[in-house]
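Q: Dropping in final_24.cif, which is mmCIF, C-alpha atoms and all ligand atoms:
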```cif
data_my_file
loop_
_atom_site.label_atom_id
_atom_site.label_comp_id
_atom_site.auth_asym_id
_atom_site.auth_seq_id
_atom_site.Cartn_x
_atom_site.Cartn_y
_atom_site.Cartn_z
CA PRO A 1 -22.22 -121.75 -2.72
CA GLY A 2 -25.77 -121.35 -3.96
CA TRP A 3 -27.80 -118.38 -5.18
CA PHE A 4 -29.04 -115.08 -3.72
CA SER A 5 -32.50 -114.11 -5.03
CA GLU A 6 -33.84 -110.60 -4.54
CA ILE A 7 -37.45 -111.39 -3.65
CA SER A 8 -39.58 -108.43 -2.56
CA PRO A 9 -43.23 -107.30 -2.53
CA MET A 10 -41.91 -104.22 -4.37
CA TRP A 11 -41.45 -106.38 -7.50
CA PRO A 12 -43.99 -109.19 -7.16
CA GLY A 13 -43.63 -112.35 -9.24
CA GLU A 14 -40.04 -111.72 -10.30
CA ALA A 15 -36.59 -111.97 -8.71
CA HIS A 16 -33.09 -111.28 -9.93
CA SER A 17 -30.58 -113.86 -8.73
CA LEU A 18 -26.78 -113.83 -8.36
CA LYS A 19 -24.56 -116.85 -7.83
CA VAL A 20 -22.91 -116.65 -4.37
CA GLU A 21 -19.27 -117.67 -3.86
CA LYS A 22 -19.00 -116.62 -0.20
CA ILE A 23 -20.90 -114.58 2.38
CA LEU A 24 -18.45 -111.95 3.69
CA PHE A 25 -20.57 -110.07 6.26
CA GLN A 26 -23.97 -110.31 7.93
CA GLY A 27 -25.17 -107.81 10.52
CA LYS A 28 -28.17 -105.98 11.89
CA SER A 29 -27.91 -102.22 12.38
CA ASP A 30 -30.43 -100.05 14.23
CA TYR A 31 -32.25 -99.67 10.90
CA GLN A 32 -31.84 -102.72 8.66
CA ASN A 33 -30.14 -106.04 7.96
CA VAL A 34 -26.79 -105.58 6.21
CA MET A 35 -25.11 -108.29 4.14
CA VAL A 36 -22.09 -108.46 1.84
CA PHE A 37 -21.35 -111.43 -0.39
CA GLN A 38 -18.79 -112.32 -3.05
CA SER A 39 -20.74 -113.11 -6.23
CA SER A 40 -19.39 -115.30 -9.04
CA THR A 41 -19.68 -112.69 -11.78
CA TYR A 42 -20.55 -109.24 -10.33
CA GLY A 43 -17.81 -108.83 -7.72
CA LYS A 44 -18.83 -108.05 -4.16
CA VAL A 45 -22.50 -107.21 -3.51
CA LEU A 46 -24.06 -104.99 -0.80
CA VAL A 47 -27.58 -106.03 0.33
CA LEU A 48 -29.86 -104.12 2.73
CA ASP A 49 -32.99 -105.89 4.01
CA GLY A 50 -32.72 -108.35 1.13
CA VAL A 51 -32.50 -105.62 -1.56
CA ILE A 52 -29.38 -105.27 -3.74
CA GLN A 53 -27.86 -101.80 -3.21
CA LEU A 54 -24.77 -102.13 -5.39
CA THR A 55 -22.36 -104.57 -6.99
CA GLU A 56 -18.73 -103.83 -7.83
CA ARG A 57 -19.35 -104.61 -11.49
CA ASP A 58 -22.25 -102.23 -12.27
CA GLU A 59 -22.30 -99.60 -9.48
CA CYS A 60 -20.57 -97.18 -11.84
CA ALA A 61 -23.75 -96.80 -13.92
CA TYR A 62 -25.91 -95.69 -10.99
CA GLN A 63 -23.33 -93.60 -9.08
CA GLU A 64 -22.08 -91.75 -12.17
CA MET A 65 -25.54 -91.02 -13.57
CA ILE A 66 -27.19 -89.92 -10.29
CA THR A 67 -24.27 -87.51 -9.74
CA HIS A 68 -23.39 -86.11 -13.16
CA LEU A 69 -26.94 -85.67 -14.48
CA PRO A 70 -27.48 -82.86 -11.93
CA LEU A 71 -23.92 -81.53 -11.53
CA CYS A 72 -23.23 -81.30 -15.28
CA SER A 73 -26.51 -79.38 -15.73
CA ILE A 74 -25.42 -76.27 -13.79
CA PRO A 75 -22.36 -74.17 -14.65
CA ASN A 76 -20.48 -74.02 -11.38
CA PRO A 77 -21.65 -76.31 -8.54
CA LYS A 78 -19.98 -75.28 -5.26
CA LYS A 79 -22.02 -76.68 -2.36
CA VAL A 80 -23.43 -80.20 -2.70
CA LEU A 81 -25.50 -82.26 -0.25
CA VAL A 82 -25.86 -86.04 -0.49
CA ILE A 83 -28.78 -87.63 1.39
CA GLY A 84 -28.17 -91.38 1.85
CA GLY A 85 -25.34 -92.73 -0.26
CA GLY A 86 -23.50 -94.07 2.76
CA ASP A 87 -21.45 -96.43 0.58
CA GLY A 88 -19.48 -93.38 -0.65
CA GLY A 89 -19.91 -93.96 -4.40
CA VAL A 90 -21.74 -90.69 -5.02
CA LEU A 91 -19.04 -88.84 -3.03
CA ARG A 92 -16.41 -90.36 -5.36
CA GLU A 93 -18.31 -88.96 -8.33
CA VAL A 94 -19.03 -85.52 -6.82
CA SER A 95 -15.29 -85.19 -6.12
CA ARG A 96 -14.58 -85.18 -9.86
CA HIS A 97 -16.07 -81.66 -10.07
CA SER A 98 -13.25 -79.19 -9.37
CA SER A 99 -15.73 -76.30 -8.86
CA VAL A 100 -17.17 -78.07 -5.77
CA GLU A 101 -15.94 -76.63 -2.47
CA GLN A 102 -18.15 -78.38 0.11
CA ILE A 103 -19.68 -81.88 0.09
CA ASP A 104 -22.05 -82.67 2.97
CA ILE A 105 -23.42 -86.19 3.30
CA CYS A 106 -26.20 -87.28 5.66
CA GLU A 107 -26.50 -91.07 6.02
CA ILE A 108 -28.79 -92.57 8.66
CA ASP A 109 -26.99 -95.90 9.08
CA LYS A 110 -23.34 -95.86 10.23
CA MET A 111 -23.05 -99.59 9.57
CA VAL A 112 -23.43 -98.93 5.82
CA VAL A 113 -20.47 -96.51 5.97
CA ASP A 114 -18.28 -98.89 7.96
CA VAL A 115 -19.15 -101.95 5.83
CA SER A 116 -18.50 -100.04 2.62
CA LYS A 117 -15.09 -98.87 3.86
CA GLN A 118 -14.20 -102.45 4.80
CA PHE A 119 -15.49 -104.34 1.73
CA PHE A 120 -15.84 -101.74 -1.07
CA PRO A 121 -12.69 -99.58 -0.91
CA ASP A 122 -13.08 -98.40 -4.54
CA VAL A 123 -16.55 -97.11 -3.67
CA ALA A 124 -15.79 -95.72 -0.19
CA VAL A 125 -12.77 -93.90 -1.67
CA GLY A 126 -15.21 -90.96 -1.89
CA TYR A 127 -14.74 -90.35 1.85
CA ASP A 128 -11.04 -89.57 1.31
CA ASP A 129 -11.84 -86.21 -0.30
CA PRO A 130 -11.10 -83.36 2.17
CA ARG A 131 -14.23 -81.47 1.03
CA VAL A 132 -16.46 -84.25 2.43
CA LYS A 133 -18.24 -83.79 5.77
CA LEU A 134 -20.14 -86.88 7.05
CA HIS A 135 -23.25 -86.47 9.21
CA ILE A 136 -24.79 -89.66 10.64
CA GLY A 137 -28.51 -89.00 11.02
CA ASP A 138 -31.94 -88.70 9.43
CA GLY A 139 -31.90 -86.71 6.20
CA VAL A 140 -35.36 -85.30 6.93
CA ALA A 141 -34.17 -83.73 10.21
CA PHE A 142 -30.87 -82.64 8.66
CA LEU A 143 -32.64 -80.71 5.89
CA LYS A 144 -35.01 -79.00 8.35
CA ALA A 145 -31.96 -77.51 10.07
CA VAL A 146 -30.31 -76.30 6.84
CA PRO A 147 -30.55 -72.52 6.19
CA ALA A 148 -32.65 -71.68 3.10
CA GLY A 149 -30.73 -71.47 -0.16
CA THR A 150 -27.59 -73.21 1.10
CA TYR A 151 -26.90 -75.76 -1.65
CA ASP A 152 -26.38 -75.65 -5.40
CA ALA A 153 -27.26 -79.34 -5.66
CA VAL A 154 -28.84 -82.08 -3.54
CA ILE A 155 -28.48 -85.76 -4.49
CA VAL A 156 -30.90 -88.18 -2.80
CA ASP A 157 -29.23 -91.57 -3.08
CA SER A 158 -31.81 -93.53 -1.13
CA SER A 159 -32.88 -97.13 -0.84
CA ASP A 160 -36.51 -97.92 -1.69
CA PRO A 161 -39.73 -96.53 -0.19
CA ILE A 162 -40.20 -99.64 2.00
CA GLY A 163 -37.87 -99.23 4.99
CA PRO A 164 -35.77 -96.37 6.42
CA ALA A 165 -35.99 -94.35 3.16
CA GLN A 166 -39.81 -94.19 3.11
CA GLU A 167 -39.95 -90.50 4.14
CA LEU A 168 -37.54 -89.54 1.34
CA PHE A 169 -40.30 -90.18 -1.18
CA GLU A 170 -42.89 -87.94 0.47
CA LYS A 171 -43.93 -84.32 -0.12
CA PRO A 172 -42.61 -82.73 3.11
CA PHE A 173 -39.14 -84.00 2.29
CA PHE A 174 -39.23 -82.57 -1.24
CA GLU A 175 -40.37 -79.23 0.27
CA SER A 176 -37.39 -79.21 2.61
CA VAL A 177 -35.06 -79.95 -0.31
CA ALA A 178 -36.52 -77.05 -2.31
CA LYS A 179 -35.98 -74.72 0.67
CA ALA A 180 -32.35 -75.85 1.08
CA LEU A 181 -31.57 -75.15 -2.60
CA ARG A 182 -30.56 -71.76 -4.00
CA PRO A 183 -32.63 -70.27 -6.85
CA GLY A 184 -31.87 -72.40 -9.92
CA GLY A 185 -30.43 -75.11 -7.69
CA VAL A 186 -30.91 -78.76 -8.67
CA VAL A 187 -31.96 -82.00 -7.02
CA CYS A 188 -31.58 -85.55 -8.32
CA THR A 189 -33.35 -88.42 -6.57
CA GLN A 190 -33.40 -92.17 -7.04
CA ALA A 191 -36.76 -92.69 -8.76
CA GLU A 192 -37.43 -96.41 -9.17
CA SER A 193 -38.28 -98.32 -12.36
CA ILE A 194 -40.67 -97.40 -15.17
CA TRP A 195 -41.30 -101.13 -15.67
CA LEU A 196 -42.24 -101.74 -12.02
CA HIS A 197 -43.28 -98.50 -10.34
CA MET A 198 -45.15 -96.21 -12.75
CA HIS A 199 -47.63 -95.35 -9.94
CA ILE A 200 -44.87 -94.36 -7.49
CA ILE A 201 -43.23 -92.34 -10.26
CA GLU A 202 -46.57 -90.69 -11.10
CA ASP A 203 -46.93 -89.52 -7.48
CA ILE A 204 -43.32 -88.34 -7.26
CA VAL A 205 -43.64 -86.35 -10.52
CA SER A 206 -46.88 -84.66 -9.47
CA ASN A 207 -45.39 -83.76 -6.06
CA CYS A 208 -42.26 -82.40 -7.73
CA ARG A 209 -44.24 -80.30 -10.20
CA GLN A 210 -46.07 -78.65 -7.27
CA ILE A 211 -42.86 -77.99 -5.33
CA PHE A 212 -40.10 -77.31 -7.88
CA LYS A 213 -41.02 -74.31 -10.02
CA GLY A 214 -38.03 -74.59 -12.35
CA SER A 215 -37.93 -77.67 -14.52
CA VAL A 216 -38.96 -81.26 -13.63
CA ASN A 217 -37.59 -84.15 -15.69
CA TYR A 218 -37.33 -87.92 -15.41
CA ALA A 219 -34.23 -89.72 -16.65
CA TRP A 220 -33.33 -93.40 -16.58
CA THR A 221 -30.41 -95.76 -17.08
CA THR A 222 -29.52 -99.42 -17.15
CA VAL A 223 -28.27 -101.20 -14.04
CA PRO A 224 -28.32 -104.97 -14.67
CA THR A 225 -28.56 -105.90 -10.97
CA TYR A 226 -31.54 -103.66 -10.14
CA PRO A 227 -34.98 -105.23 -10.65
CA SER A 228 -36.14 -104.90 -14.30
CA GLY A 229 -32.56 -103.85 -15.13
CA VAL A 230 -33.29 -100.12 -15.07
CA ILE A 231 -33.41 -97.32 -12.51
CA GLY A 232 -34.79 -93.81 -12.87
CA PHE A 233 -33.94 -90.37 -11.55
CA MET A 234 -36.02 -87.25 -10.87
CA LEU A 235 -34.16 -84.12 -11.97
CA CYS A 236 -35.73 -80.90 -10.64
CA SER A 237 -34.65 -77.28 -10.36
CA THR A 238 -36.00 -74.47 -8.17
CA GLU A 239 -37.30 -71.19 -9.60
CA GLY A 240 -34.44 -69.00 -10.78
CA PRO A 241 -31.83 -69.22 -13.52
CA PRO A 242 -33.29 -71.80 -15.93
CA VAL A 243 -31.75 -75.29 -16.00
CA ASP A 244 -31.85 -77.35 -19.18
CA PHE A 245 -31.11 -80.85 -17.85
CA LYS A 246 -31.06 -82.38 -21.32
CA HIS A 247 -27.97 -80.53 -22.50
CA PRO A 248 -25.01 -80.57 -20.09
CA VAL A 249 -23.52 -77.06 -19.70
CA ASN A 250 -20.72 -78.32 -17.49
CA PRO A 251 -19.23 -81.38 -19.23
CA ILE A 252 -17.21 -83.74 -17.03
CA ASP A 253 -16.10 -86.10 -19.79
CA ARG A 254 -13.51 -83.69 -21.24
CA ASP A 255 -10.13 -85.37 -21.89
CA ASP A 256 -8.19 -82.98 -19.65
CA ILE A 257 -10.37 -83.94 -16.65
CA CYS A 258 -10.57 -87.68 -17.39
CA SER A 259 -6.84 -88.16 -18.04
CA LYS A 260 -6.00 -86.64 -14.63
CA SER A 261 -8.42 -88.84 -12.66
CA LYS A 262 -7.22 -92.02 -10.89
CA HIS A 263 -10.67 -93.57 -11.35
CA PRO A 264 -11.76 -92.69 -14.92
CA LEU A 265 -15.48 -92.53 -15.72
CA LYS A 266 -16.73 -95.99 -16.73
CA PHE A 267 -20.28 -95.16 -17.75
CA TYR A 268 -21.30 -91.49 -17.94
CA ASN A 269 -20.63 -89.29 -20.97
CA SER A 270 -22.37 -86.25 -22.47
CA GLU A 271 -24.25 -88.29 -25.08
CA ILE A 272 -25.68 -90.75 -22.59
CA HIS A 273 -26.57 -87.73 -20.41
CA SER A 274 -28.92 -86.38 -23.09
CA ALA A 275 -30.16 -89.85 -24.08
CA ALA A 276 -31.16 -90.62 -20.46
CA PHE A 277 -34.15 -88.28 -20.81
CA CYS A 278 -35.60 -90.13 -23.82
CA LEU A 279 -38.53 -92.17 -22.52
CA PRO A 280 -40.65 -94.99 -23.94
CA SER A 281 -44.15 -93.81 -24.85
CA PHE A 282 -45.95 -95.51 -21.93
CA ALA A 283 -43.72 -93.60 -19.49
CA LYS A 284 -43.69 -90.33 -21.46
CA LYS A 285 -47.50 -90.28 -21.46
CA VAL A 286 -47.65 -90.49 -17.65
CA ILE A 287 -44.66 -88.33 -16.77
CA GLU A 288 -45.22 -85.48 -19.20
CA SER A 289 -48.94 -85.23 -18.46
CA LYS A 290 -48.64 -84.80 -14.68
N1 LIG A 301 -25.31 -95.83 -3.76
C1 LIG A 301 -26.13 -96.94 -4.15
C2 LIG A 301 -27.40 -96.96 -3.35
C3 LIG A 301 -28.47 -97.77 -4.03
N2 LIG A 301 -29.68 -97.06 -4.23
C4 LIG A 301 -30.87 -97.84 -4.43
C5 LIG A 301 -30.78 -99.23 -3.86
C6 LIG A 301 -32.06 -99.99 -4.07
C7 LIG A 301 -32.44 -100.06 -5.51
N3 LIG A 301 -33.64 -100.82 -5.67
C8 LIG A 301 -34.20 -100.82 -7.00
C9 LIG A 301 -35.68 -101.06 -6.92
C10 LIG A 301 -36.30 -101.12 -8.28
N4 LIG A 301 -36.35 -99.83 -8.89
C11 LIG A 301 -32.55 -98.66 -6.10
C12 LIG A 301 -31.28 -97.88 -5.88
#
```
Could I get this structure in the form of structure tokens?

A:
Amino acid sequence: PGWFSEISPMWPGEAHSLKVEKILFQGKSDYQNVMVFQSSTYGKVLVLDGVIQLTERDECAYQEMITHLPLCSIPNPKKVLVIGGGDGGVLREVSRHSSVEQIDICEIDKMVVDVSKQFFPDVAVGYDDPRVKLHIGDGVAFLKAVPAGTYDAVIVDSSDPIGPAQELFEKPFFESVAKALRPGGVVCTQAESIWLHMHIIEDIVSNCRQIFKGSVNYAWTTVPTYPSGVIGFMLCSTEGPPVDFKHPVNPIDRDDICSKSKHPLKFYNSEIHSAAFCLPSFAKKVIESK
């Protein structure tokens, strides 16, 4: 009864609101405040420190795009690492790729995992895949311990730079990701909004260009319940076999794959994959000049 408004210094002067039917969970983990509420029109909603992480109605857009943009850009992903993503949605999407043999996930906050399993079973279903290995801990430390060249792909499904995810937007972290990737390996990170965070994006792009000597691209998609209604992704590859992110070499939207799946793709397809890299001029100017 009433409204939840997502007010934050990260998006001054604006706030997206959702009508609340019932608060289902409120807790405080070692890292952040965790809340789940039943909204009137977007299903259940997961909130961390007052910031909307996902809603049942539109999480498909973010989870499918952050996963398939990188994994459909390399021919045969086998070893995948997810940093963050404790709700399990990215795991659900990675599991669609039959070439994948090993899925490691490193999530710092166990409460996010437990709350997702309890309130978001269609998202946490990702944990049911036998290839998944869950590590509870800091992604920065996890990556430091990973042997060089271990992974074909790393997906950084983080919250925003204010809070526990702050380090995941800084240069040393990107360097440890590059080391953990094989030559021609790919990384996809959550990369904020071109309407709200062009300066953060500018810094991320210039750091990535220094660290990832393959290709560096920015893609974006629509997620109605994220501030400004859009979210971006950094797609980078390490030096080695060239990766053309704009044309998927490993399509996941083929009928034979989709018809077999219990949870068919709701958002991602090969056309929207390529379209995601088309940027408005004000963003293109900044991103392609760095
Ligand atoms: N698996 C879903 C995790 C959600 N990731 C992030 C949650 C916070 C959200 N703030 C958007 C801030 C404005 N760009 C970005 C995605």

Q: With only C-alpha atoms as the atoms that count, which of A:Val230, A:Lys285, A:Leu196, A:Gly240 lies nearest to Pro12 (chain A)?

A: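 Nearest to Pro12 (chain A): A:Leu196.
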
Q: List the neighbours of Gln53 (chain A) out to 10 Å using all atoms listed in the file; skip same-chain residues closer than 6 positions along the sequence, and give me the result as a list in words.

A: Val45, Leu46, Val47, Glu59, Gly85, Asp87, Ser158, Ser159, Asp160, Thr225 and Tyr226 of chain A

Q: Pick out the residues no farther than 10 Å from ligand LIG 301 (chain A), counting all atoms listed in the file, and list them as a VMD selection string.

A: chain A and resid 6 8 10 to 11 46 to 48 50 to 55 59 to 60 62 to 64 66 84 to 91 123 156 to 161 165 189 to 197 223 225 to 233

Q: Just give me the gap between CA of Val154 (chain A) and CA of Ile108 (chain A) in Å, one decimal is fine.

A: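 According to the coordinates, CA of Val154 (chain A) and CA of Ile108 (chain A) are separated by 16.1 Å.
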
Q: List every protein, DNA or RNA residue that has an atom no more than 12 Å from (-21.7, -88.1, -26.7) in the file's coordinate frame, counting only C-alpha atoms, and report them as a PyMOL selection string.

A: chain A and resi 247-248+251-254+267-276
